[in-house]
Amino acid sequence: MSAESEVTEVATVVAAAEAGTTEDASSQPPNAEAGGDAQPPTASEETATASPPPLRCLVLTGFGGYDKVKLQSRPAAPPAPDPGHLTLRVRACGLNFADVMARQGLYDRLPPLPFTPGMEGSGVVIAVGEGVNDRKVGDRVMVLIRSGMWQEEVTVPSTHTFLMPEAMTFEEAAALLVNYITAYMVLFDYGNLRPGHSVLVHMAAGGVGTAALQLCRTVENVTVFGTASASKHEVLKENGVTYPIDYHTTDYVEEIKKISPKGVDIVMDPLGGSDTTKGYNLLKPMGKVITYGMANLMTGPKRNLVAMARTWWNQFSVTALQLLQANRAVCGYHLGYLDGEMELVRGVVARLLALYNQGCIKPHIDSVWPFEKVADAMRQMQEKKNVGKVLLVPGPEKN
């Protein structure tokens, strides 16, 4: 759906929300007349007094396989956000690798079970709390929070919302924040990406990977090595990967060394374990490896204790003296731990939106799944079938 057609639906969403919060005497049950029997309500009165439909939400009920995320419902009530908060009608939600890890109990900073997952999404503001002066009912916003986005309506701190550009669709907005903030801060804030640099992007066809490829193209003469299965290589080439590498059949360290004997300037490492060591050893002098994930912990739908032990045992370690002598740097990045640094994050989002408005970046959507098919959406990501972002929507499935 285009941004223009989405805007025309905003008025309908807002009107429905306002209708749910304004009642007059005609919507109340009729009183019995003195000395007479109560009269049965008419069809129109029954409609007026009917409760609004329940709100649907996805709930993580336990740690384990795909069946642990269940579609449930809760009673609808007129939105009443606390001071500094706002309520929005959710239109699209991002699915991230962190959500898949959370389902297995491998992600930290989780609320107590059961809870609604989801770190990002987009929608229409339907109510604002006291003290919220920079948002209003009807605004189209994208949201970055710790959890709770996978539901039809959600109340969030207004400081964790960002106004959407007019040309941006709800699906693009739901695909932007986590992946592009991560890729931008890893490449530019940590990596200091400059013309002539070389970058190794692991999982280059995933959400962060495709965001990184687009951001690398905003800098001149950047050489990109990207790992992905062979079936995705043509797409990677179209999106800026100079040298795609099939990690299933090729030792990516040897392949990079053949092409660039000195190695690379930046390694984006979402894998952890032994791959962090390999990335460190691939660095040129003044190079940096930035680790921002532990995907090697996951080998199937459920937690694998052997994989966890192997990844932990192979975890990279280096001393300050070794870093000094090698002229290399090792950095760690976790967006979830920046939830108290929203001014920092807001500055990154402002730069990303400027790039979007200039046509330099555009979220690539792999697939959009209804809440009912959340297991299929998670399987699409966990089995690494996706090229770009996987999304969830409260409404019907989209091709």
# chains A, B, ... in the order shown; residues from 1 in each chain; ligands from 1

call {"tool": "select_by_dssp", "arguments": {"residues": "range 191-258 of chain A", "states": "strand (DSSP E)", "output": "PyMOL selection string"}}
result
chain A and resi 198-201+223-227+243-245

call {"tool": "closest_atom_pairs", "arguments": {"of": "range 199-301 of chain A", "to": "range 64-85 of chain A", "cutoff": "12 Å", "atoms": "only C-alpha atoms", "output": "JSON lines"}}
result
{"residue": "A:Met298", "atom": "CA", "partner": "A:Gly64", "partner_atom": "CA", "distance": 11.7}
{"residue": "A:Thr299", "atom": "CA", "partner": "A:Gly65", "partner_atom": "CA", "distance": 12.0}
{"residue": "A:Gly300", "atom": "CA", "partner": "A:Gly65", "partner_atom": "CA", "distance": 8.7}
{"residue": "A:Pro301", "atom": "CA", "partner": "A:Gly65", "partner_atom": "CA", "distance": 5.0}

call {"tool": "residues_around", "arguments": {"residues": "Thr116 in chain A", "least_positions_apart": "3", "cutoff": "10 Å", "atoms": "only C-alpha atoms", "output": "list in words"}}
result
Cys57, Leu58, Val59, Leu60, Thr61, Val69, Lys70, Leu71, Gln72, Pro111, Leu113, Met119, Ser147, Gly148, Met149, Trp150 and Gln151 of chain A

call {"tool": "write_last_selection", "arguments": {"atoms": "N, CA, C and O atoms", "output": "compact mmCIF listing (two decimals), in the first residue's frame"}}
result
# COMPACT_ATOMS: atom_id res chain seq x y z
N CYS A 57 -3.44 -9.64 20.44
CA CYS A 57 -2.02 -9.46 20.76
C CYS A 57 -1.32 -10.81 20.71
O CYS A 57 -1.95 -11.86 20.89
N LEU A 58 -0.05 -10.78 20.42
CA LEU A 58 0.78 -11.97 20.44
C LEU A 58 1.49 -12.03 21.79
O LEU A 58 2.03 -11.04 22.26
N VAL A 59 1.48 -13.21 22.40
CA VAL A 59 2.00 -13.36 23.77
C VAL A 59 3.00 -14.52 23.80
O VAL A 59 2.71 -15.62 23.32
N LEU A 60 4.18 -14.25 24.36
CA LEU A 60 5.16 -15.31 24.60
C LEU A 60 4.80 -15.96 25.93
O LEU A 60 4.91 -15.34 26.99
N THR A 61 4.35 -17.21 25.87
CA THR A 61 3.84 -17.90 27.05
C THR A 61 4.89 -18.75 27.75
O THR A 61 4.69 -19.20 28.87
N VAL A 69 4.67 -18.76 21.10
CA VAL A 69 4.07 -17.44 20.84
C VAL A 69 2.64 -17.68 20.39
O VAL A 69 2.39 -18.30 19.34
N LYS A 70 1.68 -17.19 21.16
CA LYS A 70 0.27 -17.49 20.91
C LYS A 70 -0.52 -16.19 20.66
O LYS A 70 -0.23 -15.15 21.27
N LEU A 71 -1.49 -16.29 19.78
CA LEU A 71 -2.39 -15.18 19.50
C LEU A 71 -3.50 -15.17 20.54
O LEU A 71 -4.25 -16.14 20.68
N GLN A 72 -3.59 -14.10 21.31
CA GLN A 72 -4.60 -13.96 22.35
C GLN A 72 -5.34 -12.64 22.16
O GLN A 72 -5.06 -11.88 21.24
N PRO A 111 10.85 -8.90 30.07
CA PRO A 111 9.86 -8.84 31.15
C PRO A 111 9.52 -10.25 31.62
O PRO A 111 9.81 -11.23 30.93
N LEU A 113 7.48 -13.60 32.13
CA LEU A 113 6.48 -14.30 31.34
C LEU A 113 5.13 -14.27 32.05
O LEU A 113 5.09 -14.27 33.28
N MET A 119 9.94 -5.09 19.39
CA MET A 119 10.75 -3.94 19.73
C MET A 119 10.45 -2.71 18.89
O MET A 119 10.84 -1.60 19.26
N SER A 147 9.92 -3.93 24.46
CA SER A 147 9.02 -5.03 24.09
C SER A 147 7.59 -4.50 24.12
O SER A 147 7.32 -3.42 24.64
N GLY A 148 6.66 -5.27 23.51
CA GLY A 148 5.26 -4.94 23.60
C GLY A 148 4.58 -4.48 22.33
O GLY A 148 3.39 -4.17 22.35
N MET A 149 5.29 -4.45 21.19
CA MET A 149 4.69 -3.89 19.98
C MET A 149 3.75 -4.83 19.25
O MET A 149 2.95 -4.39 18.43
N TRP A 150 3.81 -6.12 19.52
CA TRP A 150 3.03 -7.07 18.73
C TRP A 150 1.59 -7.14 19.24
O TRP A 150 1.12 -8.16 19.73
N GLN A 151 0.87 -6.05 19.11
CA GLN A 151 -0.54 -5.99 19.48
C GLN A 151 -1.23 -4.89 18.68
O GLN A 151 -0.57 -4.05 18.07

call {"tool": "residues_around", "arguments": {"residues": "range 208-219 of chain A", "least_positions_apart": "3", "cutoff": "10 Å", "atoms": "only C-alpha atoms", "output": "short mmCIF file (atom, residue, chain, number, x, y, z; two decimals) with all heavy atoms, in the first residue's frame"}}
result
data_model
loop_
_atom_site.label_atom_id
_atom_site.label_comp_id
_atom_site.auth_asym_id
_atom_site.auth_seq_id
_atom_site.Cartn_x
_atom_site.Cartn_y
_atom_site.Cartn_z
N ASN A 96 12.58 -9.16 14.63
CA ASN A 96 14.03 -9.08 14.70
C ASN A 96 14.62 -10.37 15.25
O ASN A 96 13.93 -11.16 15.90
CB ASN A 96 14.46 -7.90 15.58
CG ASN A 96 14.12 -6.57 14.94
OD1 ASN A 96 14.74 -6.15 13.97
ND2 ASN A 96 13.11 -5.89 15.48
N PHE A 97 15.90 -10.57 14.98
CA PHE A 97 16.58 -11.76 15.47
C PHE A 97 16.51 -11.83 16.99
O PHE A 97 16.45 -12.91 17.57
CB PHE A 97 18.03 -11.78 14.99
CG PHE A 97 18.55 -13.15 14.69
CD1 PHE A 97 18.19 -13.80 13.52
CD2 PHE A 97 19.38 -13.81 15.58
CE1 PHE A 97 18.66 -15.08 13.24
CE2 PHE A 97 19.86 -15.08 15.32
CZ PHE A 97 19.50 -15.72 14.14
N ALA A 175 10.16 -1.33 9.42
CA ALA A 175 11.39 -2.01 9.03
C ALA A 175 12.63 -1.16 9.23
O ALA A 175 13.75 -1.63 9.03
CB ALA A 175 11.31 -2.44 7.56
N LEU A 176 12.47 0.08 9.64
CA LEU A 176 13.60 1.01 9.64
C LEU A 176 14.43 0.99 10.92
O LEU A 176 15.65 0.84 10.88
CB LEU A 176 13.10 2.43 9.39
CG LEU A 176 14.20 3.50 9.31
CD1 LEU A 176 14.81 3.51 7.92
CD2 LEU A 176 13.67 4.87 9.67
N VAL A 178 15.24 -0.58 14.11
CA VAL A 178 16.23 -1.48 14.72
C VAL A 178 17.37 -1.77 13.76
O VAL A 178 18.56 -1.65 14.11
CB VAL A 178 15.56 -2.79 15.19
CG1 VAL A 178 16.62 -3.82 15.58
CG2 VAL A 178 14.63 -2.53 16.36
N ASN A 179 17.05 -2.14 12.53
CA ASN A 179 18.09 -2.54 11.59
C ASN A 179 18.97 -1.38 11.15
O ASN A 179 20.21 -1.50 11.12
CB ASN A 179 17.46 -3.19 10.36
CG ASN A 179 16.82 -4.53 10.65
OD1 ASN A 179 16.02 -5.03 9.88
ND2 ASN A 179 17.16 -5.13 11.79
N TYR A 180 18.38 -0.24 10.83
CA TYR A 180 19.17 0.87 10.30
C TYR A 180 19.92 1.62 11.39
O TYR A 180 21.02 2.09 11.16
CB TYR A 180 18.27 1.81 9.49
CG TYR A 180 17.98 1.30 8.10
CD1 TYR A 180 16.99 0.35 7.89
CD2 TYR A 180 18.71 1.74 7.00
CE1 TYR A 180 16.72 -0.16 6.62
CE2 TYR A 180 18.45 1.25 5.72
CZ TYR A 180 17.46 0.30 5.54
OH TYR A 180 17.21 -0.19 4.28
N ILE A 181 19.33 1.74 12.58
CA ILE A 181 20.08 2.34 13.69
C ILE A 181 21.30 1.49 13.99
O ILE A 181 22.42 2.00 14.15
CB ILE A 181 19.20 2.48 14.95
CG1 ILE A 181 18.10 3.53 14.72
CG2 ILE A 181 20.05 2.88 16.15
CD1 ILE A 181 17.08 3.59 15.86
N THR A 182 21.11 0.17 14.08
CA THR A 182 22.22 -0.74 14.35
C THR A 182 23.30 -0.61 13.28
O THR A 182 24.49 -0.42 13.58
CB THR A 182 21.73 -2.19 14.42
OG1 THR A 182 20.81 -2.31 15.52
CG2 THR A 182 22.88 -3.16 14.61
N ALA A 183 22.92 -0.72 12.01
CA ALA A 183 23.89 -0.67 10.92
C ALA A 183 24.61 0.68 10.89
O ALA A 183 25.83 0.73 10.69
CB ALA A 183 23.20 -0.93 9.59
N TYR A 184 23.87 1.77 11.11
CA TYR A 184 24.48 3.10 11.06
C TYR A 184 25.50 3.28 12.18
O TYR A 184 26.64 3.73 11.94
CB TYR A 184 23.41 4.17 11.16
CG TYR A 184 23.95 5.57 10.93
CD1 TYR A 184 23.86 6.17 9.68
CD2 TYR A 184 24.56 6.29 11.95
CE1 TYR A 184 24.37 7.44 9.46
CE2 TYR A 184 25.08 7.55 11.74
CZ TYR A 184 24.97 8.13 10.49
OH TYR A 184 25.50 9.39 10.29
N VAL A 186 27.06 1.02 13.97
CA VAL A 186 28.19 0.11 13.82
C VAL A 186 29.16 0.62 12.75
O VAL A 186 30.37 0.65 12.95
CB VAL A 186 27.69 -1.31 13.47
CG1 VAL A 186 28.84 -2.19 12.98
CG2 VAL A 186 27.02 -1.95 14.69
N LEU A 187 28.63 1.05 11.61
CA LEU A 187 29.48 1.47 10.49
C LEU A 187 30.12 2.84 10.71
O LEU A 187 31.31 3.03 10.42
CB LEU A 187 28.68 1.48 9.20
CG LEU A 187 28.36 0.13 8.57
CD1 LEU A 187 27.38 0.30 7.42
CD2 LEU A 187 29.63 -0.56 8.08
N PHE A 188 29.34 3.78 11.21
CA PHE A 188 29.81 5.15 11.26
C PHE A 188 30.29 5.58 12.65
O PHE A 188 31.36 6.16 12.79
CB PHE A 188 28.73 6.11 10.75
CG PHE A 188 28.43 5.93 9.29
CD1 PHE A 188 27.28 5.27 8.87
CD2 PHE A 188 29.30 6.41 8.32
CE1 PHE A 188 27.01 5.09 7.53
CE2 PHE A 188 29.04 6.23 6.97
CZ PHE A 188 27.88 5.57 6.57
N LEU A 193 33.44 4.63 8.96
CA LEU A 193 33.50 4.26 7.55
C LEU A 193 33.83 5.47 6.68
O LEU A 193 33.19 6.51 6.79
CB LEU A 193 32.16 3.67 7.11
CG LEU A 193 32.06 3.22 5.66
CD1 LEU A 193 33.04 2.08 5.37
CD2 LEU A 193 30.63 2.80 5.33
N ARG A 194 34.84 5.30 5.82
CA ARG A 194 35.31 6.38 4.98
C ARG A 194 35.57 5.86 3.56
O ARG A 194 35.67 4.64 3.36
CB ARG A 194 36.60 6.98 5.55
CG ARG A 194 36.41 7.75 6.83
CD ARG A 194 37.72 8.28 7.37
NE ARG A 194 38.59 7.20 7.83
CZ ARG A 194 39.80 7.40 8.35
NH1 ARG A 194 40.29 8.62 8.46
NH2 ARG A 194 40.53 6.38 8.75
N PRO A 195 35.71 6.76 2.58
CA PRO A 195 36.01 6.32 1.21
C PRO A 195 37.26 5.44 1.16
O PRO A 195 38.26 5.71 1.84
CB PRO A 195 36.22 7.64 0.45
CG PRO A 195 35.40 8.64 1.20
CD PRO A 195 35.50 8.23 2.64
N GLY A 196 37.17 4.37 0.37
CA GLY A 196 38.30 3.47 0.23
C GLY A 196 38.35 2.34 1.23
O GLY A 196 39.20 1.45 1.12
N HIS A 197 37.45 2.35 2.22
CA HIS A 197 37.45 1.29 3.24
C HIS A 197 36.86 -0.01 2.67
O HIS A 197 36.15 -0.01 1.67
CB HIS A 197 36.63 1.72 4.45
CG HIS A 197 37.44 2.47 5.46
ND1 HIS A 197 36.92 2.88 6.67
CD2 HIS A 197 38.74 2.87 5.47
CE1 HIS A 197 37.85 3.51 7.36
NE2 HIS A 197 38.97 3.51 6.65
N SER A 198 37.15 -1.10 3.38
CA SER A 198 36.56 -2.41 3.07
C SER A 198 35.82 -2.91 4.29
O SER A 198 36.26 -2.70 5.43
CB SER A 198 37.65 -3.40 2.64
OG SER A 198 38.67 -3.48 3.63
N VAL A 199 34.70 -3.59 4.04
CA VAL A 199 33.81 -4.02 5.12
C VAL A 199 33.40 -5.47 4.90
O VAL A 199 33.07 -5.86 3.77
CB VAL A 199 32.54 -3.14 5.18
CG1 VAL A 199 31.66 -3.55 6.36
CG2 VAL A 199 32.90 -1.67 5.26
N VAL A 201 30.44 -7.90 5.88
CA VAL A 201 29.07 -7.91 6.42
C VAL A 201 28.60 -9.35 6.48
O VAL A 201 28.35 -9.98 5.44
CB VAL A 201 28.12 -7.07 5.54
CG1 VAL A 201 26.71 -7.07 6.13
CG2 VAL A 201 28.64 -5.64 5.39
N HIS A 202 28.49 -9.90 7.68
CA HIS A 202 27.93 -11.24 7.84
C HIS A 202 26.40 -11.17 7.74
O HIS A 202 25.79 -10.14 8.03
CB HIS A 202 28.31 -11.82 9.21
CG HIS A 202 29.73 -12.30 9.27
ND1 HIS A 202 30.20 -13.35 8.52
CD2 HIS A 202 30.78 -11.88 10.04
CE1 HIS A 202 31.47 -13.57 8.80
NE2 HIS A 202 31.86 -12.69 9.72
N MET A 203 25.80 -12.30 7.32
CA MET A 203 24.33 -12.35 7.17
C MET A 203 23.88 -11.15 6.34
O MET A 203 22.95 -10.42 6.71
CB MET A 203 23.66 -12.38 8.55
CG MET A 203 24.06 -13.58 9.39
SD MET A 203 23.50 -13.52 11.12
CE MET A 203 21.72 -13.59 10.90
N ALA A 204 24.52 -10.98 5.19
CA ALA A 204 24.33 -9.77 4.40
C ALA A 204 22.93 -9.64 3.80
O ALA A 204 22.54 -8.54 3.39
CB ALA A 204 25.37 -9.71 3.28
N ALA A 205 22.18 -10.73 3.74
CA ALA A 205 20.83 -10.66 3.19
C ALA A 205 19.77 -10.43 4.26
O ALA A 205 18.58 -10.30 3.93
CB ALA A 205 20.51 -11.95 2.42
N VAL A 222 33.67 1.99 -1.46
CA VAL A 222 33.72 1.04 -0.35
C VAL A 222 33.61 -0.38 -0.92
O VAL A 222 32.70 -0.68 -1.70
CB VAL A 222 32.59 1.29 0.66
CG1 VAL A 222 32.52 0.17 1.70
CG2 VAL A 222 32.78 2.63 1.35
N THR A 223 34.53 -1.23 -0.53
CA THR A 223 34.50 -2.64 -0.94
C THR A 223 33.78 -3.45 0.12
O THR A 223 34.12 -3.39 1.30
CB THR A 223 35.94 -3.18 -1.11
OG1 THR A 223 36.63 -2.42 -2.10
CG2 THR A 223 35.91 -4.65 -1.53
N VAL A 224 32.76 -4.21 -0.31
CA VAL A 224 31.94 -4.96 0.62
C VAL A 224 32.07 -6.45 0.34
O VAL A 224 31.80 -6.92 -0.77
CB VAL A 224 30.46 -4.55 0.54
CG1 VAL A 224 29.62 -5.39 1.51
CG2 VAL A 224 30.29 -3.07 0.85
N PHE A 225 32.49 -7.20 1.35
CA PHE A 225 32.43 -8.66 1.34
C PHE A 225 31.17 -9.04 2.12
O PHE A 225 30.98 -8.61 3.27
CB PHE A 225 33.66 -9.27 2.02
CG PHE A 225 34.96 -8.96 1.34
CD1 PHE A 225 35.68 -7.81 1.67
CD2 PHE A 225 35.47 -9.81 0.38
CE1 PHE A 225 36.88 -7.51 1.07
CE2 PHE A 225 36.69 -9.53 -0.24
CZ PHE A 225 37.39 -8.37 0.09
N GLY A 226 30.31 -9.85 1.52
CA GLY A 226 29.07 -10.23 2.18
C GLY A 226 28.86 -11.73 2.20
O GLY A 226 28.95 -12.39 1.15
N THR A 227 28.61 -12.30 3.38
CA THR A 227 28.36 -13.74 3.48
C THR A 227 26.87 -14.01 3.44
O THR A 227 26.07 -13.34 4.10
CB THR A 227 28.96 -14.32 4.77
OG1 THR A 227 28.29 -13.75 5.91
CG2 THR A 227 30.45 -14.04 4.86
N ALA A 228 26.51 -15.02 2.64
CA ALA A 228 25.12 -15.46 2.51
C ALA A 228 25.12 -16.73 1.68
O ALA A 228 26.11 -17.04 1.00
CB ALA A 228 24.25 -14.39 1.86
N LEU A 236 22.45 -9.86 -3.67
CA LEU A 236 23.48 -9.12 -2.95
C LEU A 236 24.30 -8.24 -3.90
O LEU A 236 24.62 -7.09 -3.58
CB LEU A 236 24.40 -10.07 -2.19
CG LEU A 236 23.78 -10.87 -1.04
CD1 LEU A 236 24.85 -11.66 -0.32
CD2 LEU A 236 23.05 -9.96 -0.06
N LYS A 237 24.64 -8.78 -5.06
CA LYS A 237 25.39 -7.99 -6.03
C LYS A 237 24.60 -6.77 -6.47
O LYS A 237 25.14 -5.67 -6.62
CB LYS A 237 25.74 -8.85 -7.24
CG LYS A 237 26.80 -9.91 -6.97
CD LYS A 237 27.08 -10.72 -8.23
CE LYS A 237 28.12 -11.81 -7.97
NZ LYS A 237 28.38 -12.63 -9.19
N ASN A 239 22.61 -5.18 -4.77
CA ASN A 239 22.50 -4.24 -3.65
C ASN A 239 23.85 -3.77 -3.12
O ASN A 239 23.92 -3.21 -2.02
CB ASN A 239 21.68 -4.88 -2.52
CG ASN A 239 20.20 -4.92 -2.84
OD1 ASN A 239 19.48 -3.95 -2.61
ND2 ASN A 239 19.74 -6.04 -3.38
N GLY A 240 24.91 -4.00 -3.89
CA GLY A 240 26.17 -3.37 -3.55
C GLY A 240 27.25 -4.24 -2.99
O GLY A 240 28.33 -3.74 -2.63
N VAL A 241 27.03 -5.56 -2.87
CA VAL A 241 28.10 -6.43 -2.38
C VAL A 241 29.11 -6.64 -3.50
O VAL A 241 28.77 -7.12 -4.59
CB VAL A 241 27.53 -7.79 -1.90
CG1 VAL A 241 28.67 -8.75 -1.58
CG2 VAL A 241 26.67 -7.58 -0.67
N MET A 268 31.60 -6.43 10.63
CA MET A 268 30.32 -6.40 11.34
C MET A 268 30.02 -7.83 11.78
O MET A 268 29.75 -8.69 10.95
CB MET A 268 29.22 -5.86 10.43
CG MET A 268 29.43 -4.43 10.00
SD MET A 268 28.06 -3.80 8.98
CE MET A 268 26.68 -3.88 10.15
N PRO A 270 27.65 -10.27 13.82
CA PRO A 270 26.47 -10.65 14.59
C PRO A 270 26.50 -12.11 15.03
O PRO A 270 25.49 -12.62 15.53
CB PRO A 270 25.35 -10.44 13.56
CG PRO A 270 26.00 -10.86 12.27
CD PRO A 270 27.46 -10.52 12.39
N LEU A 352 19.17 9.19 9.56
CA LEU A 352 18.60 8.15 8.71
C LEU A 352 17.41 8.68 7.91
O LEU A 352 17.26 8.36 6.72
CB LEU A 352 18.18 6.96 9.57
CG LEU A 352 19.31 6.12 10.17
CD1 LEU A 352 18.76 5.12 11.16
CD2 LEU A 352 20.11 5.42 9.07
N LEU A 355 18.59 10.63 5.01
CA LEU A 355 19.01 9.75 3.93
C LEU A 355 17.81 9.14 3.21
O LEU A 355 17.83 8.98 1.97
CB LEU A 355 19.91 8.64 4.48
CG LEU A 355 21.29 9.07 4.97
CD1 LEU A 355 21.99 7.92 5.69
CD2 LEU A 355 22.15 9.55 3.80
N CYS A 360 18.48 7.80 -0.58
CA CYS A 360 19.71 7.02 -0.43
C CYS A 360 19.47 5.66 0.24
O CYS A 360 20.24 4.71 0.01
CB CYS A 360 20.74 7.80 0.38
SG CYS A 360 21.27 9.34 -0.38
N ILE A 361 18.46 5.57 1.08
CA ILE A 361 18.12 4.30 1.73
C ILE A 361 16.62 4.06 1.60
O ILE A 361 15.83 5.00 1.52
CB ILE A 361 18.54 4.27 3.22
CG1 ILE A 361 17.79 5.34 4.02
CG2 ILE A 361 20.04 4.41 3.37
CD1 ILE A 361 18.01 5.26 5.53
N LYS A 362 16.25 2.79 1.57
CA LYS A 362 14.84 2.41 1.51
C LYS A 362 14.74 0.99 2.03
O LYS A 362 15.34 0.07 1.45
CB LYS A 362 14.32 2.47 0.08
CG LYS A 362 12.83 2.16 -0.07
CD LYS A 362 12.41 2.27 -1.52
CE LYS A 362 10.95 1.89 -1.72
NZ LYS A 362 10.04 2.87 -1.06
N PRO A 363 14.04 0.77 3.15
CA PRO A 363 13.96 -0.59 3.72
C PRO A 363 13.45 -1.60 2.70
O PRO A 363 12.47 -1.35 1.99
CB PRO A 363 12.97 -0.42 4.88
CG PRO A 363 13.10 1.02 5.28
CD PRO A 363 13.33 1.75 3.99
N HIS A 364 14.16 -2.72 2.63
CA HIS A 364 13.76 -3.80 1.73
C HIS A 364 12.91 -4.80 2.52
O HIS A 364 13.39 -5.40 3.49
CB HIS A 364 14.99 -4.49 1.16
CG HIS A 364 14.67 -5.59 0.19
ND1 HIS A 364 14.45 -5.37 -1.14
CD2 HIS A 364 14.51 -6.93 0.38
CE1 HIS A 364 14.17 -6.51 -1.75
NE2 HIS A 364 14.20 -7.48 -0.83
N ILE A 365 11.66 -4.97 2.11
CA ILE A 365 10.73 -5.86 2.82
C ILE A 365 10.79 -7.24 2.19
O ILE A 365 10.51 -7.40 0.99
CB ILE A 365 9.29 -5.32 2.77
CG1 ILE A 365 9.24 -3.84 3.19
CG2 ILE A 365 8.38 -6.17 3.64
CD1 ILE A 365 9.73 -3.57 4.57
N VAL A 387 15.32 -12.27 2.55
CA VAL A 387 16.21 -11.25 2.00
C VAL A 387 15.60 -9.92 2.39
O VAL A 387 14.64 -9.45 1.78
CB VAL A 387 16.35 -11.37 0.47
CG1 VAL A 387 17.23 -10.24 -0.07
CG2 VAL A 387 16.94 -12.72 0.09
N GLY A 388 16.11 -9.31 3.43
CA GLY A 388 15.52 -8.09 3.95
C GLY A 388 14.67 -8.35 5.17
O GLY A 388 14.82 -9.37 5.87
N LYS A 389 13.74 -7.45 5.43
CA LYS A 389 12.99 -7.42 6.68
C LYS A 389 11.74 -8.29 6.64
O LYS A 389 11.00 -8.30 5.66
CB LYS A 389 12.56 -5.97 6.98
CG LYS A 389 11.97 -5.76 8.35
CD LYS A 389 13.03 -5.84 9.43
CE LYS A 389 12.48 -5.40 10.79
NZ LYS A 389 13.53 -5.34 11.80
#

call {"tool": "atom_distance", "arguments": {"atom1": "CA of Ile126 in chain A", "atom2": "CA of Asp139 in chain A"}}
result
8.3 Å

call {"tool": "residues_around", "arguments": {"residues": "Tyr252 in chain A", "least_positions_apart": "5", "cutoff": "12 Å", "atoms": "only C-alpha atoms", "output": "JSON, numbers by chain"}}
result
{"A": [200, 201, 202, 225, 226, 227, 228, 229, 243, 244, 245, 246, 247, 257, 258, 259, 260, 263, 275, 278, 279, 282]}

call {"tool": "write_last_selection", "arguments": {"atoms": "N, CA, C and O atoms", "output": "short mmCIF file (atom, residue, chain, number, x, y, z; two decimals), in the first residue's frame"}}
result
data_model
loop_
_atom_site.label_atom_id
_atom_site.label_comp_id
_atom_site.auth_asym_id
_atom_site.auth_seq_id
_atom_site.Cartn_x
_atom_site.Cartn_y
_atom_site.Cartn_z
N LEU A 200 33.42 -6.26 5.96
CA LEU A 200 32.85 -7.61 5.94
C LEU A 200 31.50 -7.56 6.64
O LEU A 200 31.41 -7.21 7.82
N VAL A 201 30.44 -7.90 5.88
CA VAL A 201 29.07 -7.91 6.42
C VAL A 201 28.60 -9.35 6.48
O VAL A 201 28.35 -9.98 5.44
N HIS A 202 28.49 -9.90 7.68
CA HIS A 202 27.93 -11.24 7.84
C HIS A 202 26.40 -11.17 7.74
O HIS A 202 25.79 -10.14 8.03
N PHE A 225 32.49 -7.20 1.35
CA PHE A 225 32.43 -8.66 1.34
C PHE A 225 31.17 -9.04 2.12
O PHE A 225 30.98 -8.61 3.27
N GLY A 226 30.31 -9.85 1.52
CA GLY A 226 29.07 -10.23 2.18
C GLY A 226 28.86 -11.73 2.20
O GLY A 226 28.95 -12.39 1.15
N THR A 227 28.61 -12.30 3.38
CA THR A 227 28.36 -13.74 3.48
C THR A 227 26.87 -14.01 3.44
O THR A 227 26.07 -13.34 4.10
N ALA A 228 26.51 -15.02 2.64
CA ALA A 228 25.12 -15.46 2.51
C ALA A 228 25.12 -16.73 1.68
O ALA A 228 26.11 -17.04 1.00
N SER A 229 24.02 -17.47 1.71
CA SER A 229 23.92 -18.67 0.88
C SER A 229 23.94 -18.30 -0.59
O SER A 229 23.57 -17.18 -0.98
N TYR A 243 31.91 -8.64 -3.28
CA TYR A 243 32.32 -10.04 -3.28
C TYR A 243 31.39 -10.86 -2.37
O TYR A 243 31.62 -10.94 -1.16
N PRO A 244 30.34 -11.48 -2.93
CA PRO A 244 29.50 -12.37 -2.11
C PRO A 244 30.22 -13.68 -1.86
O PRO A 244 30.92 -14.21 -2.74
N ILE A 245 30.05 -14.22 -0.65
CA ILE A 245 30.75 -15.45 -0.25
C ILE A 245 29.72 -16.41 0.34
O ILE A 245 28.97 -16.05 1.25
N ASP A 246 29.71 -17.64 -0.17
CA ASP A 246 28.82 -18.68 0.36
C ASP A 246 29.50 -19.33 1.56
O ASP A 246 30.45 -20.12 1.40
N TYR A 247 29.03 -19.00 2.74
CA TYR A 247 29.66 -19.52 3.95
C TYR A 247 29.41 -21.01 4.15
O TYR A 247 30.06 -21.64 4.98
N LYS A 257 41.18 -13.29 2.12
CA LYS A 257 42.63 -13.14 2.07
C LYS A 257 43.15 -13.25 0.63
O LYS A 257 44.16 -12.61 0.27
N LYS A 258 42.49 -14.06 -0.20
CA LYS A 258 42.88 -14.16 -1.60
C LYS A 258 42.70 -12.82 -2.32
O LYS A 258 43.52 -12.43 -3.16
N ILE A 259 41.62 -12.15 -2.00
CA ILE A 259 41.27 -10.90 -2.69
C ILE A 259 41.97 -9.71 -2.05
O ILE A 259 42.44 -8.80 -2.73
N SER A 260 42.02 -9.72 -0.73
CA SER A 260 42.61 -8.60 0.02
C SER A 260 43.55 -9.17 1.07
O SER A 260 43.15 -9.40 2.22
N GLY A 263 43.51 -7.92 4.56
CA GLY A 263 42.26 -8.03 5.31
C GLY A 263 41.29 -6.90 5.02
O GLY A 263 41.28 -6.34 3.91
N ASP A 275 33.70 -16.99 15.31
CA ASP A 275 33.68 -16.03 14.20
C ASP A 275 34.20 -14.66 14.62
O ASP A 275 34.70 -13.91 13.78
N LYS A 278 37.89 -14.99 14.19
CA LYS A 278 38.23 -14.92 12.76
C LYS A 278 38.15 -13.47 12.26
O LYS A 278 39.02 -13.02 11.50
N GLY A 279 37.12 -12.76 12.69
CA GLY A 279 36.98 -11.38 12.27
C GLY A 279 38.12 -10.51 12.75
O GLY A 279 38.65 -9.67 12.01
N LEU A 282 41.16 -10.91 10.72
CA LEU A 282 41.03 -10.38 9.36
C LEU A 282 41.29 -8.88 9.28
O LEU A 282 41.33 -8.32 8.18
#
